[in-house]
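Below is one structure; the comments refer to it alone.
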Amino acid sequence: MEGKITCLQGDGIGPEVMASAKQVLCVIGEKYGHTFHLHDADFGGIAIDTHGEPLPEATLQACLSSDAILLGAVGGPKWDTLAVRPEAGLLGLRKALGLFANIRPVYVHPAVAHLSPLKEEIVQDVDFVVVRELTGGIYFSEPKERTSEHATDTLTYTREEITRIVQHAFELARTRRKKVTSIDKANVMESSKLWREVANEVGANYPDIVLEHLLVDAAAMELIRRPSRFDVVVTENLFGDILSDEASMIAGSLGLLPSASHSLEGPSLYEPIHGSAPDIAGENKANPLAMLYSVSMMLRHSFLLEEEANDVERAISAVLAAGYRTGDLRGEATTTLFTEKVVQELAGVK
Ligand code: ATP
Ligand code: MG
């Protein structure tokens with residue numbers, strides 16, 4: 001198999017975790033006989049410094065012509081006071097690629113379950129995915145208005161927008177434990193009433209999948225009370241923004257969690273959920289796991305390389321089981337040492 005991957009390493013710890021991803025892709029390529037063409041492009045703060053804008057045209061074209069995009073992280077204090085910030089590049093890229101589905105798996109690895117802020121017995125067996133609608137809803141709907149005396153935001157969803165994201169969740173549930181939890185506020189919001197109606201209609205086409213509805217306030221509680229009850233969670237943009245951040249705390253470190261963003265056609269974007277972590281940038285302390293799990297999501301979804309994706313996850317588990325941890329997991333391994341161990345595990349070197 002041959003594939004083109006655009007690598008946007010970005011800022012802060014982005015380059016460090018990207019280096020880790022590239023090493024793992026290289027060994028997977030050798031082991032299974034694939035050629036991954038890795039193409040670097042400037043994005044975020046580094047692109048502001050070198051091109052005067054966070055998403056240069058050449059970067060956008062590289063992304064559009066690739067099979068998948070890997071992103072490190074963008075932003076940092078250096079650019080925080082600028083009129084156009086690195087994060088604007090990310091919004092522009094999502095828009096240009098039509099990335100409407102944001103997927104965030106939350107998995108509590110048994111080896112680090114004791115680092116969760118929740119009790120160990122509560123996080124046992126936590127393995128769910130938040131599917132968040134990313135391009136509609138209150139952040140984008142018009143009118144948006146503000147005077148000194150009143151302010152308005154609008155929350156609009158079309159049947160089409162709801163259908164495609166809910167369908168995405170059902171398709172994902174088919175590959176998992178076959179349960180979808182749709183989250184809304186249908187007791188008070190019109191957009192949520194349509195959401196629930198459409199979810200039921202889509203669900204009727206998936207008799208093999210259990211569909212449950214949960215109000216967003218109840219969902220916020222259930223994520224803490226009994227997170228293992230969830231399999232695939234699907235929700236609109238604002239609720240998903242809040243709930244996915246709440247959910248990310250369950251695992252114990254931001255350094256563990258990957259994400260993917262998909263469009264209807266065209267390349268998907270894979271990135272760790274953490275930011276650029278300026279406090280540890282350049283110190284070889286970053287946990288590369290969120291990035292490596294992003295690589296395994298990419299192998300599985302964009303290249304349909306299930307065995308290779310499982311192999312990456314297996315190697316990570318073996319290295320954790322052998323006791324290697326980065327600082328965020330209260331260990332002493334550096335980014336490069338942890339990566340080296342994963343690479344050795346993949347290559348079968350003992
Ligand atoms: P954003 O950049 O999205 O605004 P943020 O600034 O709130 O996010 P991060 O940059 O993710 O957050 O950093 C939050 C904290 O988590 C920091 O202390 C950072 O060092 C730590 N952290 C984030 N990612 C990692 C990682 N991969 N490995 C180790 N520590 C991390
Ligand atoms: Mg930050």
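Identifiers in the structure tokens: chain A, B, ... in order shown; residue index from 1 per chain; ligand index from 1 in order shown.
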Cut-off 8 Å: closest chain A/ligand 1 atom pairs per residue, using only C-alpha atoms and all ligand atoms, as CSV:
```
residue,atom,partner,partner_atom_place_in_ligand_line,distance
A:Ile13,CA,ligand 1,27 (N),7.3
A:Val17,CA,ligand 1,27 (N),7.4
A:Ala73,CA,ligand 1,2 (O),7.4
A:Val74,CA,ligand 1,2 (O),6.9
A:Gly75,CA,ligand 1,2 (O),6.2
A:Gly76,CA,ligand 1,2 (O),7.0
A:Ser253,CA,ligand 1,31 (C),7.1
A:Leu254,CA,ligand 1,24 (N),5.2
A:Gly255,CA,ligand 1,27 (N),3.6
A:Leu256,CA,ligand 1,27 (N),7.0
A:Pro272,CA,ligand 1,27 (N),7.7
A:Ile273,CA,ligand 1,11 (O),7.2
A:His274,CA,ligand 1,11 (O),3.6
A:Gly275,CA,ligand 1,10 (O),3.3
A:Ser276,CA,ligand 1,10 (O),4.2
A:Ala277,CA,ligand 1,10 (O),3.3
A:Pro278,CA,ligand 1,10 (O),6.3
A:Asp279,CA,ligand 1,20 (O),5.3
A:Ile280,CA,ligand 1,20 (O),5.3
A:Ala281,CA,ligand 1,20 (O),7.9
A:Lys285,CA,ligand 1,29 (C),6.4
A:Ala286,CA,ligand 1,28 (N),3.7
A:Asn287,CA,ligand 1,28 (N),3.7
A:Pro288,CA,ligand 1,27 (N),5.7
A:Leu289,CA,ligand 1,27 (N),7.1
A:Ala290,CA,ligand 1,27 (N),6.5
A:Met291,CA,ligand 1,27 (N),7.8
A:Thr326,CA,ligand 1,29 (C),7.2
A:Gly327,CA,ligand 1,29 (C),6.6
A:Asp328,CA,ligand 1,29 (C),4.9
```
Export C-alpha atoms of the chosen residues as a compact mmCIF listing (two decimals), in the first residue's frame?
```txt
# COMPACT_ATOMS: atom_id res chain seq x y z
CA ILE A 13 5.59 19.85 21.88
CA VAL A 17 5.33 14.06 19.28
CA ALA A 73 -0.39 20.97 18.21
CA VAL A 74 -0.63 24.70 17.57
CA GLY A 75 -0.32 27.84 19.63
CA GLY A 76 1.67 29.22 22.51
CA SER A 253 -3.59 12.71 31.46
CA LEU A 254 -4.21 14.74 28.34
CA GLY A 255 -1.13 13.01 26.98
CA LEU A 256 -3.10 9.79 26.43
CA PRO A 272 -3.78 14.48 19.96
CA ILE A 273 -6.41 16.29 22.03
CA HIS A 274 -3.75 18.07 24.07
CA GLY A 275 -2.42 21.51 23.23
CA SER A 276 1.11 22.64 22.58
CA ALA A 277 2.06 22.34 26.29
CA PRO A 278 4.50 25.29 26.25
CA ASP A 279 5.48 24.52 29.86
CA ILE A 280 7.34 21.36 28.80
CA ALA A 281 8.14 22.13 25.14
CA LYS A 285 9.15 15.24 28.38
CA ALA A 286 5.99 15.08 26.23
CA ASN A 287 3.97 11.90 26.34
CA PRO A 288 3.80 10.70 22.71
CA LEU A 289 0.90 8.30 23.38
CA ALA A 290 -1.92 10.64 22.33
CA MET A 291 -0.10 11.09 19.02
CA THR A 326 6.50 9.73 30.81
CA GLY A 327 6.34 12.43 33.50
CA ASP A 328 2.61 13.17 33.15
```
- Query: Which polymer residues have any atom within 10 Å of an atom of range 57-61 of chain A, counting only C-alpha atoms, with same-chain residues fewer than 6 positions away left out, as a ChimeraX atom specification?
  - Reply: /A:6-8,39-43,47,51,89,92-93,96-97
- Within 7 Å of Gln167 in chain A, counting only C-alpha atoms, which residues qualify if same-chain residues fewer than 4 places away don't, as a PyMOL selection string? chain A and resi 163+171+202
- Task: Give the answer as one residue: which of A:Gly348, A:Gly240, A:Gly98, A:Gly52 has the shortest atom-to-atom distance to Asp311 in chain A, using only C-alpha atoms?
- Result: A:Gly348
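Among the candidate residues A:Leu269, A:Ile46, A:Val84, A:Val233, the one lying nearest to Glu133 in chain A is A:Val233, with distances computed using only C-alpha atoms.
For the residues A:Phe239, A:Trp79, A:Phe303, A:Phe36, ranking by smallest atom-to-atom distance to ligand 2 using only C-alpha atoms and all ligand atoms places A:Trp79 first.
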